[in-house]
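With compact mmCIF, C-alpha atoms and all ligand atoms inside, this is protein28.txt:
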```
# COMPACT_ATOMS: atom_id res chain seq x y z
CA MET A 944 -17.34 71.32 -27.83
CA SER A 945 -13.69 72.38 -27.73
CA GLY A 946 -11.05 69.72 -28.26
CA LEU A 947 -13.27 67.69 -30.60
CA ASP A 948 -12.27 69.31 -33.89
CA GLU A 949 -9.81 66.60 -34.83
CA ILE A 950 -12.05 63.72 -33.71
CA ALA A 951 -14.89 65.27 -35.69
CA LYS A 952 -12.70 65.33 -38.81
CA VAL A 953 -11.37 61.78 -38.41
CA ASP A 954 -14.32 60.03 -36.79
CA PRO A 955 -17.58 62.01 -36.75
CA GLU A 956 -19.43 59.09 -35.20
CA ILE A 957 -17.27 59.04 -32.09
CA ALA A 958 -17.28 62.87 -31.92
CA GLN A 959 -21.07 62.62 -31.81
CA VAL A 960 -20.93 60.06 -28.99
CA VAL A 961 -18.83 62.47 -26.91
CA ARG A 962 -21.20 65.38 -27.65
CA ASP A 963 -24.22 63.23 -26.79
CA GLU A 964 -22.65 62.08 -23.53
CA LEU A 965 -21.84 65.66 -22.50
CA ASN A 966 -25.42 66.62 -23.28
CA ARG A 967 -26.73 63.69 -21.25
CA LEU A 968 -24.62 64.76 -18.27
CA ARG A 969 -25.71 68.37 -18.58
CA HIS A 970 -29.41 67.67 -18.84
CA LYS A 971 -29.85 64.90 -16.29
CA ILE A 972 -29.47 64.75 -12.52
CA GLU A 973 -26.57 62.40 -11.80
CA LEU A 974 -27.16 60.43 -8.61
CA ILE A 975 -24.99 57.36 -9.22
CA ALA A 976 -22.99 57.18 -6.00
CA SER A 977 -19.79 56.01 -7.70
CA GLU A 978 -19.66 58.72 -10.39
CA ASN A 979 -18.41 62.27 -10.38
CA PHE A 980 -17.34 65.15 -12.65
CA PRO A 981 -13.57 65.71 -12.45
CA SER A 982 -12.10 69.13 -13.14
CA ARG A 983 -11.08 70.36 -16.58
CA ALA A 984 -7.47 70.06 -15.40
CA VAL A 985 -7.94 66.35 -14.65
CA LEU A 986 -9.66 65.77 -18.00
CA GLU A 987 -6.89 67.60 -19.83
CA ALA A 988 -4.13 65.59 -18.11
CA ALA A 989 -5.93 62.38 -19.10
CA GLY A 990 -5.98 63.48 -22.73
CA THR A 991 -2.28 64.15 -23.25
CA VAL A 992 0.67 62.59 -25.10
CA LEU A 993 1.60 60.83 -21.86
CA THR A 994 -0.74 58.09 -23.12
CA ASN A 995 1.96 57.18 -25.68
CA LYS A 996 4.59 56.12 -23.19
CA TYR A 997 5.48 52.59 -22.16
CA ALA A 998 6.87 52.73 -18.64
CA GLU A 999 6.81 49.22 -17.21
CA GLY A 1000 8.60 49.32 -13.87
CA TYR A 1001 8.76 52.20 -11.42
CA PRO A 1002 10.33 55.69 -11.43
CA GLY A 1003 14.10 55.35 -11.88
CA HIS A 1004 13.79 51.62 -12.66
CA ARG A 1005 11.96 51.22 -15.96
CA TRP A 1006 12.16 48.62 -18.68
CA TYR A 1007 12.07 51.38 -21.34
CA GLY A 1008 14.13 54.42 -22.18
CA GLY A 1009 12.67 57.91 -22.39
CA CYS A 1010 10.83 57.76 -19.08
CA GLU A 1011 12.42 60.89 -17.57
CA TYR A 1012 9.20 62.94 -17.72
CA VAL A 1013 6.65 60.27 -16.92
CA ASP A 1014 8.85 59.44 -13.92
CA VAL A 1015 8.21 62.94 -12.63
CA ALA A 1016 4.45 62.51 -13.07
CA GLU A 1017 4.45 59.21 -11.15
CA GLU A 1018 6.71 60.57 -8.40
CA LEU A 1019 4.38 63.54 -7.95
CA ALA A 1020 1.31 61.29 -7.80
CA ILE A 1021 2.98 59.03 -5.21
CA ALA A 1022 4.21 61.92 -3.04
CA ARG A 1023 0.82 63.63 -3.14
CA ALA A 1024 -1.10 60.44 -2.28
CA LYS A 1025 1.26 59.69 0.61
CA ALA A 1026 0.91 63.22 1.98
CA LEU A 1027 -2.86 63.37 1.51
CA PHE A 1028 -3.58 60.07 3.23
CA GLY A 1029 -0.56 59.82 5.55
CA ALA A 1030 0.44 56.51 3.93
CA GLU A 1031 3.85 54.88 4.33
CA HIS A 1032 3.85 53.54 0.76
CA THR A 1033 1.67 54.12 -2.31
CA ASN A 1034 1.30 52.45 -5.67
CA VAL A 1035 -0.58 54.60 -8.20
CA GLN A 1036 -0.42 52.17 -11.13
CA PRO A 1037 -3.57 50.00 -10.71
CA HIS A 1038 -5.81 50.58 -13.70
CA ALA A 1039 -8.96 50.34 -11.55
CA GLY A 1040 -10.23 49.32 -8.13
CA ALA A 1041 -10.58 45.67 -9.13
CA GLN A 1042 -6.91 45.60 -10.17
CA ALA A 1043 -5.88 47.33 -6.92
CA ASN A 1044 -7.71 44.65 -4.94
CA LEU A 1045 -6.36 41.76 -7.02
CA ALA A 1046 -2.77 42.99 -6.69
CA THR A 1047 -3.23 43.38 -2.93
CA TYR A 1048 -4.48 39.80 -2.62
CA PHE A 1049 -1.62 38.59 -4.82
CA CYS A 1050 0.82 40.37 -2.51
CA ALA A 1051 -0.66 39.31 0.81
CA LEU A 1052 -2.31 35.94 0.29
CA GLU A 1053 -1.70 32.43 -1.02
CA PRO A 1054 -4.34 30.66 -3.12
CA GLY A 1055 -6.72 28.86 -0.78
CA ASP A 1056 -6.29 31.37 2.06
CA THR A 1057 -9.42 32.39 3.90
CA ILE A 1058 -10.77 35.91 3.43
CA LEU A 1059 -13.69 37.57 5.20
CA GLY A 1060 -15.52 40.43 3.50
CA MET A 1061 -18.94 42.04 3.47
CA ASP A 1062 -21.53 40.09 1.49
CA LYS A 1063 -22.07 41.74 -1.89
CA SER A 1064 -25.84 41.54 -1.64
CA ALA A 1065 -25.64 43.37 1.68
CA GLY A 1066 -23.37 46.19 0.48
CA GLY A 1067 -19.99 44.56 -0.20
CA HIS A 1068 -18.12 44.54 -3.49
CA LEU A 1069 -17.79 41.99 -6.26
CA THR A 1070 -14.03 41.77 -5.71
CA HIS A 1071 -14.31 40.91 -2.01
CA GLY A 1072 -14.77 37.20 -2.58
CA THR A 1073 -17.95 36.73 -4.64
CA PRO A 1074 -17.93 33.40 -6.51
CA ALA A 1075 -18.14 35.08 -9.93
CA ASN A 1076 -14.94 37.05 -9.30
CA ILE A 1077 -11.38 35.70 -9.24
CA SER A 1078 -11.26 36.62 -5.52
CA GLY A 1079 -13.97 34.03 -4.90
CA VAL A 1080 -12.21 31.42 -7.03
CA LEU A 1081 -8.67 31.77 -5.65
CA TYR A 1082 -9.57 32.24 -1.98
CA ASP A 1083 -11.84 30.60 0.54
CA ALA A 1084 -14.28 33.45 0.94
CA HIS A 1085 -16.51 34.01 3.95
CA PHE A 1086 -18.89 36.90 4.47
CA TYR A 1087 -20.41 39.15 7.09
CA CYS A 1088 -23.56 41.26 6.73
CA PRO A 1089 -24.88 44.31 8.52
CA ASN A 1090 -27.04 43.50 11.52
CA ARG A 1091 -30.55 42.49 10.45
CA GLU A 1092 -32.26 44.94 12.84
CA THR A 1093 -30.05 48.02 12.67
CA GLU A 1094 -28.78 47.41 9.11
CA MET A 1095 -25.42 48.66 10.40
CA LEU A 1096 -22.22 46.70 10.96
CA ASP A 1097 -22.15 44.87 14.25
CA TYR A 1098 -18.52 44.35 15.20
CA GLU A 1099 -19.34 41.63 17.72
CA GLU A 1100 -21.12 39.65 14.98
CA ILE A 1101 -18.10 40.11 12.69
CA ALA A 1102 -15.78 38.98 15.48
CA ALA A 1103 -17.89 35.85 16.03
CA ILE A 1104 -17.67 34.95 12.32
CA ALA A 1105 -13.93 35.67 12.28
CA ARG A 1106 -13.36 33.42 15.30
CA LYS A 1107 -15.05 30.59 13.40
CA CYS A 1108 -13.49 30.99 9.95
CA ARG A 1109 -10.04 32.33 11.09
CA PRO A 1110 -9.42 34.53 8.02
CA ARG A 1111 -5.96 35.50 6.87
CA MET A 1112 -7.45 38.79 5.72
CA ILE A 1113 -10.50 40.79 6.77
CA ILE A 1114 -11.83 43.10 4.08
CA ALA A 1115 -13.80 46.25 4.89
CA GLY A 1116 -15.60 48.66 2.61
CA GLY A 1117 -18.09 48.07 -0.15
CA SER A 1118 -20.31 49.77 -2.65
CA SER A 1119 -23.62 50.40 -0.94
CA TYR A 1120 -22.97 50.60 2.80
CA PRO A 1121 -24.19 54.07 3.80
CA ARG A 1122 -22.60 54.28 7.25
CA ASP A 1123 -19.20 55.17 8.62
CA ILE A 1124 -17.02 52.18 9.57
CA ASP A 1125 -15.24 51.64 12.87
CA PHE A 1126 -11.80 50.65 11.57
CA ALA A 1127 -10.33 50.44 15.09
CA ALA A 1128 -12.95 47.81 15.94
CA LEU A 1129 -12.09 45.82 12.81
CA ARG A 1130 -8.38 46.12 13.65
CA ALA A 1131 -9.12 44.63 17.06
CA VAL A 1132 -10.99 41.72 15.44
CA ALA A 1133 -8.13 41.20 12.97
CA ASP A 1134 -5.56 41.21 15.79
CA GLU A 1135 -7.59 38.75 17.84
CA VAL A 1136 -7.72 36.19 15.02
CA GLY A 1137 -4.29 36.94 13.54
CA ALA A 1138 -5.61 38.43 10.29
CA MET A 1139 -4.49 41.30 8.11
CA LEU A 1140 -6.94 44.12 7.50
CA MET A 1141 -7.58 45.48 4.02
CA VAL A 1142 -9.89 48.46 3.60
CA ASP A 1143 -11.35 49.18 0.19
CA MET A 1144 -12.15 52.87 0.54
CA ALA A 1145 -13.02 53.35 -3.14
CA HIS A 1146 -16.39 54.88 -2.38
CA PHE A 1147 -15.40 57.17 0.45
CA ALA A 1148 -11.74 58.07 -0.33
CA GLY A 1149 -12.70 61.70 -0.98
CA LEU A 1150 -14.49 61.82 2.36
CA VAL A 1151 -11.36 60.49 4.09
CA ALA A 1152 -9.27 63.11 2.26
CA GLY A 1153 -11.76 65.78 3.40
CA LYS A 1154 -11.74 64.37 6.96
CA VAL A 1155 -15.47 63.70 7.10
CA HIS A 1156 -15.13 59.90 7.32
CA SER A 1157 -13.12 57.72 9.70
CA ASP A 1158 -9.59 57.20 8.44
CA PRO A 1159 -8.66 53.58 7.67
CA VAL A 1160 -4.95 54.24 7.05
CA PRO A 1161 -3.73 54.02 10.67
CA HIS A 1162 -5.56 50.72 11.16
CA ALA A 1163 -5.08 48.68 7.99
CA GLU A 1164 -2.09 46.95 6.42
CA PHE A 1165 -3.58 47.73 2.99
CA VAL A 1166 -5.98 50.42 1.81
CA THR A 1167 -7.18 50.23 -1.78
CA THR A 1168 -9.21 52.77 -3.66
CA THR A 1169 -10.44 54.03 -6.95
CA THR A 1170 -9.62 57.60 -7.88
CA HIS A 1171 -12.81 58.61 -9.70
CA LYS A 1172 -15.57 58.45 -7.10
CA THR A 1173 -15.67 60.92 -4.17
CA LEU A 1174 -11.96 61.61 -4.82
CA ARG A 1175 -13.01 63.21 -8.15
CA GLY A 1176 -10.03 62.12 -10.23
CA PRO A 1177 -9.71 60.12 -13.45
CA ARG A 1178 -10.95 56.53 -13.63
CA GLY A 1179 -8.27 54.46 -11.95
CA GLY A 1180 -7.03 52.67 -8.85
CA MET A 1181 -4.45 53.12 -6.14
CA ILE A 1182 -3.06 51.17 -3.16
CA LEU A 1183 -1.70 52.48 0.14
CA CYS A 1184 0.21 50.11 2.41
CA ARG A 1185 2.66 49.78 5.23
CA GLU A 1186 6.31 50.19 4.28
CA ARG A 1187 7.11 46.56 5.12
CA PHE A 1188 4.92 45.41 2.21
CA ALA A 1189 6.20 48.04 -0.25
CA ARG A 1190 8.50 45.88 -2.37
CA GLU A 1191 6.15 42.92 -2.57
CA LEU A 1192 3.16 45.11 -3.30
CA ASP A 1193 4.89 46.91 -6.15
CA HIS A 1194 5.92 43.53 -7.53
CA ALA A 1195 2.33 42.30 -7.24
CA VAL A 1196 1.09 45.23 -9.35
CA PHE A 1197 3.88 45.00 -11.94
CA PRO A 1198 4.80 42.42 -13.14
CA GLY A 1199 2.35 40.45 -10.97
CA THR A 1200 -1.01 41.53 -12.33
CA GLN A 1201 -0.41 44.39 -14.80
CA GLY A 1202 1.87 45.40 -17.63
CA GLY A 1203 2.48 48.98 -18.70
CA PRO A 1204 1.00 51.67 -16.46
CA LEU A 1205 -1.31 54.31 -18.00
CA MET A 1206 0.93 57.35 -17.63
CA HIS A 1207 -1.70 59.87 -18.80
CA ILE A 1208 -4.04 58.57 -16.09
CA ILE A 1209 -1.26 58.64 -13.49
CA ALA A 1210 -0.65 62.31 -14.40
CA ALA A 1211 -4.39 62.96 -14.03
CA LYS A 1212 -4.33 61.19 -10.65
CA ALA A 1213 -1.51 63.55 -9.60
CA VAL A 1214 -3.63 66.56 -10.57
CA ALA A 1215 -6.68 65.22 -8.69
CA LEU A 1216 -4.59 64.47 -5.59
CA LEU A 1217 -3.25 68.03 -5.62
CA GLU A 1218 -6.80 69.35 -5.88
CA ALA A 1219 -7.91 67.05 -3.05
CA SER A 1220 -5.25 68.50 -0.74
CA ARG A 1221 -6.74 71.99 -0.95
CA PRO A 1222 -9.11 73.46 1.68
CA GLU A 1223 -11.90 73.86 -0.89
CA PHE A 1224 -11.89 70.08 -1.39
CA ALA A 1225 -12.47 69.55 2.34
CA GLU A 1226 -15.45 71.90 2.09
CA TYR A 1227 -16.63 69.93 -0.97
CA ALA A 1228 -16.43 66.68 1.03
CA ARG A 1229 -18.41 68.24 3.90
CA GLN A 1230 -21.08 69.39 1.46
CA ILE A 1231 -21.34 65.91 -0.10
CA VAL A 1232 -22.32 64.51 3.31
CA ARG A 1233 -24.63 67.43 4.13
CA ASN A 1234 -26.36 66.85 0.79
CA SER A 1235 -26.60 63.11 1.31
CA ARG A 1236 -28.16 63.60 4.74
CA ALA A 1237 -30.55 66.23 3.40
CA LEU A 1238 -31.60 63.91 0.57
CA ALA A 1239 -32.12 60.97 2.96
CA GLU A 1240 -34.14 63.09 5.35
CA ALA A 1241 -36.32 64.59 2.62
CA LEU A 1242 -36.99 61.16 1.11
CA ARG A 1243 -37.88 59.83 4.55
CA ASP A 1244 -40.22 62.79 5.12
CA ARG A 1245 -41.95 61.76 1.90
CA GLY A 1246 -42.53 58.26 3.23
CA LEU A 1247 -39.65 56.32 1.66
CA ARG A 1248 -37.76 53.80 3.77
CA ILE A 1249 -34.04 54.53 4.03
CA VAL A 1250 -31.87 51.51 4.80
CA SER A 1251 -30.32 51.90 8.30
CA GLY A 1252 -32.47 55.00 8.79
CA GLY A 1253 -30.02 57.43 7.22
CA THR A 1254 -26.45 57.97 6.06
CA ASP A 1255 -23.05 59.16 7.26
CA THR A 1256 -21.54 59.18 3.79
CA HIS A 1257 -22.12 60.21 0.19
CA LEU A 1258 -24.69 57.48 -0.46
CA LEU A 1259 -28.02 56.22 0.71
CA LEU A 1260 -30.14 53.24 -0.09
CA VAL A 1261 -33.94 53.27 -0.47
CA ASP A 1262 -35.81 50.08 0.31
CA LEU A 1263 -38.64 49.83 -2.23
CA ARG A 1264 -40.33 46.78 -0.71
CA PRO A 1265 -42.90 48.79 1.28
CA LEU A 1266 -43.96 50.38 -2.03
CA GLY A 1267 -44.17 47.03 -3.82
CA LEU A 1268 -41.67 48.18 -6.44
CA THR A 1269 -38.36 46.78 -7.68
CA GLY A 1270 -35.07 48.62 -8.17
CA ASP A 1271 -35.14 47.79 -11.84
CA GLU A 1272 -38.55 49.42 -12.36
CA VAL A 1273 -37.59 52.51 -10.41
CA GLU A 1274 -34.21 52.90 -12.15
CA LYS A 1275 -36.02 52.88 -15.50
CA ALA A 1276 -38.77 55.26 -14.35
CA LEU A 1277 -36.17 57.71 -12.99
CA ASP A 1278 -34.16 57.50 -16.18
CA ASP A 1279 -37.31 58.38 -18.07
CA VAL A 1280 -37.53 61.68 -16.15
CA LYS A 1281 -33.79 62.36 -16.53
CA ILE A 1282 -32.69 61.27 -13.08
CA THR A 1283 -29.82 58.77 -13.23
CA ALA A 1284 -29.46 56.29 -10.36
CA ASN A 1285 -28.99 52.55 -10.08
CA LYS A 1286 -30.91 49.57 -8.82
CA ASN A 1287 -29.22 47.98 -5.85
CA ASN A 1288 -29.85 45.08 -3.52
CA VAL A 1289 -30.80 46.02 0.01
CA PRO A 1290 -29.49 43.91 2.90
CA PHE A 1291 -31.24 40.51 3.03
CA ASP A 1292 -32.91 41.18 -0.30
CA ASP A 1293 -34.80 38.26 -1.80
CA LYS A 1294 -34.57 39.66 -5.34
CA PRO A 1295 -31.68 38.88 -7.71
CA PRO A 1296 -29.11 41.60 -8.57
CA ALA A 1297 -30.71 42.24 -11.96
CA VAL A 1298 -34.02 43.12 -10.27
CA THR A 1299 -33.29 44.18 -6.65
CA SER A 1300 -35.53 45.74 -4.02
CA GLY A 1301 -33.61 48.95 -3.72
CA VAL A 1302 -32.26 51.99 -5.44
CA ARG A 1303 -28.97 53.67 -4.53
CA PHE A 1304 -28.49 57.44 -4.56
CA GLY A 1305 -25.23 59.36 -4.16
CA THR A 1306 -24.42 63.05 -3.96
CA PRO A 1307 -20.78 63.46 -5.17
CA ALA A 1308 -21.71 64.53 -8.72
CA VAL A 1309 -24.59 66.88 -7.86
CA THR A 1310 -22.39 68.45 -5.17
CA THR A 1311 -19.63 69.04 -7.73
CA ARG A 1312 -22.27 70.74 -9.82
CA GLY A 1313 -22.89 73.17 -6.95
CA MET A 1314 -26.19 71.84 -5.64
CA ARG A 1315 -26.88 72.12 -1.93
CA GLU A 1316 -29.49 71.04 0.64
CA GLU A 1317 -32.28 73.06 -0.99
CA GLU A 1318 -31.81 71.22 -4.29
CA MET A 1319 -31.69 67.86 -2.44
CA VAL A 1320 -35.18 68.57 -1.10
CA GLU A 1321 -36.38 69.33 -4.65
CA ILE A 1322 -34.76 66.09 -5.92
CA ALA A 1323 -36.42 64.11 -3.11
CA ASP A 1324 -39.73 65.62 -4.13
CA LEU A 1325 -39.20 64.54 -7.73
CA VAL A 1326 -38.13 61.01 -6.76
CA ALA A 1327 -41.14 60.65 -4.46
CA LEU A 1328 -43.47 61.82 -7.24
CA VAL A 1329 -41.99 59.23 -9.61
CA VAL A 1330 -42.23 56.26 -7.24
CA ARG A 1331 -45.77 57.17 -6.17
CA ASN A 1332 -47.04 57.72 -9.70
CA MET A 1333 -45.28 55.02 -11.69
CA GLY A 1334 -46.58 54.95 -15.24
CA SER A 1335 -48.49 58.26 -15.11
CA PRO A 1336 -47.46 60.13 -18.28
CA ASP A 1337 -48.79 63.38 -16.82
CA VAL A 1338 -46.71 63.24 -13.66
CA MET A 1339 -43.63 62.04 -15.57
CA SER A 1340 -43.91 64.95 -17.93
CA ARG A 1341 -44.23 67.44 -15.06
CA VAL A 1342 -41.22 65.92 -13.27
CA ARG A 1343 -39.17 66.04 -16.48
CA GLY A 1344 -39.94 69.75 -16.73
CA ARG A 1345 -38.83 70.36 -13.14
CA VAL A 1346 -35.59 68.42 -13.75
CA GLU A 1347 -34.84 70.59 -16.78
CA GLU A 1348 -35.43 73.75 -14.73
CA LEU A 1349 -33.25 72.50 -11.88
CA VAL A 1350 -30.21 71.49 -13.98
CA ALA A 1351 -30.37 74.71 -15.99
CA GLY A 1352 -29.30 76.58 -12.86
CA PHE A 1353 -26.12 74.47 -12.49
CA PRO A 1354 -24.12 74.57 -15.73
CA LEU A 1355 -21.76 71.62 -16.20
CA TYR A 1356 -18.43 72.06 -18.03
CA PRO A 1357 -19.73 75.35 -19.51
CA GLU A 1358 -16.41 75.96 -21.27
CA LEU A 1359 -16.45 72.65 -23.13
N1 LIG B 1 -19.26 49.62 -9.61
C1 LIG B 1 -18.93 50.51 -8.53
C2 LIG B 1 -20.15 51.05 -7.87
O1 LIG B 1 -21.02 51.53 -8.57
O2 LIG B 1 -20.24 51.06 -6.66
C3 LIG B 1 -18.04 49.87 -7.55
O3 LIG B 1 -16.96 49.31 -8.23
```
What's the structure tokens form of this structure?
Amino acid sequence: MSGLDEIAKVDPEIAQVVRDELNRLRHKIELIASENFPSRAVLEAAGTVLTNKYAEGYPGHRWYGGCEYVDVAEELAIARAKALFGAEHTNVQPHAGAQANLATYFCALEPGDTILGMDKSAGGHLTHGTPANISGVLYDAHFYCPNRETEMLDYEEIAAIARKCRPRMIIAGGSSYPRDIDFAALRAVADEVGAMLMVDMAHFAGLVAGKVHSDPVPHAEFVTTTTHKTLRGPRGGMILCRERFARELDHAVFPGTQGGPLMHIIAAKAVALLEASRPEFAEYARQIVRNSRALAEALRDRGLRIVSGGTDTHLLLVDLRPLGLTGDEVEKALDDVKITANKNNVPFDDKPPAVTSGVRFGTPAVTTRGMREEEMVEIADLVALVVRNMGSPDVMSRVRGRVEELVAGFPLYPEL
């Protein structure tokens, strides 16, 4: 692998870890909805001398000398994010999505304020008020779930909860909700109860950039995201907000909740944002959704139950209860045949998060690899064979062979 010569000399053990991980990625089918394969350009930017630089503060106003070049990187990242998403203000310094969310709360809320987010076990995110997270400790967290029948958000139900708990902030977005979200409807609920609206678009930011998902930016005071999921950048976070919150938001990121920004990652974010502004990225985003729908449909044709009956996004959720299986068992069985996915609670699941009744699949990474609807049907076939023949060494061995054949046709990072 190129670029590992020096690591191999200094630390052969870590060089081997990197080689092994690249091999794992190349030889398995990656269906984790929150993962992706960024471009070589993004990887290169993340591995540069920009990692050396302390740059606490913001471009033009730093607490360190020598920031003239990292300032350019951050200014480019900000300008590109603002243009791509039509945002009034952007902060590109959050180290991750959790930090983006925490800084947003620190900017907009007082400890003890009421927040209303989607229940984690029904598709929401850890940082939207769960008791184990600081958001659930600092704030009075209330939750909404998708409708029990449709398994989709019911905006009247959300409004009824909001009228009761009178949140200061309504939080939308999550990590396993497969459907588009009506941000205008949530804005109306927020306006009715006098709340702010924060949308965590971490999962679907690339779909918003590619215009295949409703756009939260016109409707929300704050939009947070990660940069490494559908957006296909480096691991990191970002916040978009209205101009009137700009100063306070920047202050909430630094010095409020972070110290020195990761300038190599900010440069890589700039590269990814440039890539995401190109027409081929919009086509990529369209293909992610086409693939996700094809995968959902093919799994359904093979008798698996898809939560909410389908998907509008990059992800789908399979309910394993009709098969009498748990997410944990299926995750392990899939891993055994070189298909990587993750166990996930389904709405109103009675199993704990370490077991779950569901498995989540996402198409961003396989789409980056060049796979299309035809390959999604083959993957559905393989998944169905696994879940219907759990523990059969014969079937597992056949599926493993078919996975190897499939991935061989889609080289990953061939030049590495
Ligand atoms: N952990 C991410 C996911 O897999 O959805 C969200 O932060």
For range 1336-1345 of chain A: contacts at 12 Å, only C-alpha atoms, fewer than 4 positions along chain excluded, given as a PyMOL selection string: chain A and resi 970-972+1275-1282+1318+1321-1332+1349-1352
Do you have, as a tab-separated table, the list of residues of range 1201-1250 of chain A lying at most 7 Å from range 1146-1159 of chain A, each with its nearest atom pair and that distance in Å to one decimal, counting only C-alpha atoms and ordered by chain then number?
```
residue	atom	partner	partner_atom	distance
A:Ala1219	CA	A:Ala1152	CA	6.8
A:Phe1224	CA	A:Gly1153	CA	6.4
A:Ala1225	CA	A:Gly1153	CA	4.0
A:Ala1228	CA	A:Gly1153	CA	5.3
A:Arg1229	CA	A:Val1155	CA	6.3
```
For CA of Ala1041 in chain A and CA of Ile1058 in chain A, the interatomic separation in Å (one decimal):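 Atom-to-atom, CA of Ala1041 in chain A to CA of Ile1058 in chain A, that is 15.9 Å.
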Distance criterion (all atoms listed in the file): nearest to Leu1268 in chain A out of A:Ser1251, A:Thr1170, A:Asn1285, A:Thr1299: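 Distance minimum relative to Leu1268 in chain A lands on A:Thr1299.
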Within 8 Å of ligand LIG 1 (chain B), counting all atoms listed in the file, residues as a count of residues only: 13
Separation of CA of Glu1186 in chain A from CA of Glu1031 in chain A in Å: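 Rounded to one decimal, the two atoms are 5.3 Å apart.
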Ser1300 in chain A surroundings by all atoms listed in the file, 6 Å radius, close-in-sequence under 3 positions cut, as a PyMOL selection string: chain A and resi 1263-1264+1269-1270+1288
Limited to C-alpha atoms, could you put the picked residues into a file as a CSV table (one decimal), in the frame of the given file?
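And here's result.csv as it stands now:
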```csv
chain,number,residue,atom,x,y,z
A,1263,LEU,CA,-38.6,49.8,-2.2
A,1264,ARG,CA,-40.3,46.8,-0.7
A,1269,THR,CA,-38.4,46.8,-7.7
A,1270,GLY,CA,-35.1,48.6,-8.2
A,1288,ASN,CA,-29.8,45.1,-3.5
```
Contacts of range 1072-1086 of chain A at 7 Å (all atoms listed in the file; same-chain gap of 4+ positions) as a list in words: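 Skipping anything fewer than 4 positions along the chain leaves Pro1054, Gly1055, Asp1056, Thr1057, Ile1058, Leu1059, Gly1060, Met1061 and Asp1062 of chain A.
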Selection near Val1160 in chain A, 8 Å with only C-alpha atoms, sequence-local residues under 6 positions removed, as a PDB file with C-alpha atoms, in the frame of the given file:
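And here's part_32.pdb as it stands now:
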```pdb
ATOM      1  CA  PHE A1028      -3.580  60.070   3.230  1.00  0.00           C
ATOM      2  CA  GLY A1029      -0.560  59.820   5.550  1.00  0.00           C
ATOM      3  CA  ALA A1030       0.440  56.510   3.930  1.00  0.00           C
ATOM      4  CA  VAL A1166      -5.980  50.420   1.810  1.00  0.00           C
ATOM      5  CA  LEU A1183      -1.700  52.480   0.140  1.00  0.00           C
TER       6      LEU A1183
END
```
Selection near Phe1353 in chain A, 12 Å with only C-alpha atoms, sequence-local residues under 4 positions removed, as a list in words: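 Residues near the query, excluding close chain neighbours: Leu968, Arg969, His970, Lys971, Ile972, Ala1308, Val1309, Thr1310, Thr1311, Arg1312, Gly1313, Met1314, Arg1315, Glu1318, Val1346, Glu1347, Glu1348, Leu1349 and Pro1357 of chain A.
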Which residue of A:Gly1000, A:Val1035, A:Leu974, A:Ala1210 approaches Tyr1012 in chain A most closely, using all atoms listed in the file: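 Between A:Gly1000, A:Val1035, A:Leu974, A:Ala1210, the residue approaching Tyr1012 in chain A most closely is A:Ala1210.
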Atom pair CA of Pro1198 in chain A / CA of Asn1044 in chain A: separation (Å): 15.1 Å
Centre, edges in Å (one decimal): axis-aligned box, range 1222-1229 of chain A, 5 Å padding on all six sides, as AutoDock Vina command-line options:
```
--center_x -13.8 --center_y 70.3 --center_z 1.3 --size_x 19.3 --size_y 17.2 --size_z 15.3
```
Nearest to Val1261 in chain A by atom-to-atom distance, counting all atoms listed in the file, from A:Leu1174, A:Pro1121, A:Arg1190, A:Phe1126: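 Going through A:Leu1174, A:Pro1121, A:Arg1190, A:Phe1126 one by one, the smallest distance to Val1261 in chain A is for A:Pro1121.
The shortest atom-to-atom distance to Tyr997 in chain A, with all atoms listed in the file taken into account, belongs to A:Met1206 out of A:Met1333, A:Leu1266, A:Met1206, A:Ala1211.
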Nearest to Lys1063 in chain A by atom-to-atom distance, counting all atoms listed in the file, from A:Glu1099, A:Asp1014, A:Asp1292, A:Glu1191: A:Asp1292
Shortest interatomic distance to Gly1066 in chain A - which of A:Phe980, A:Phe1165, A:Phe1291, A:Tyr1001, counting only C-alpha atoms: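 Nearest to Gly1066 in chain A: A:Phe1291.
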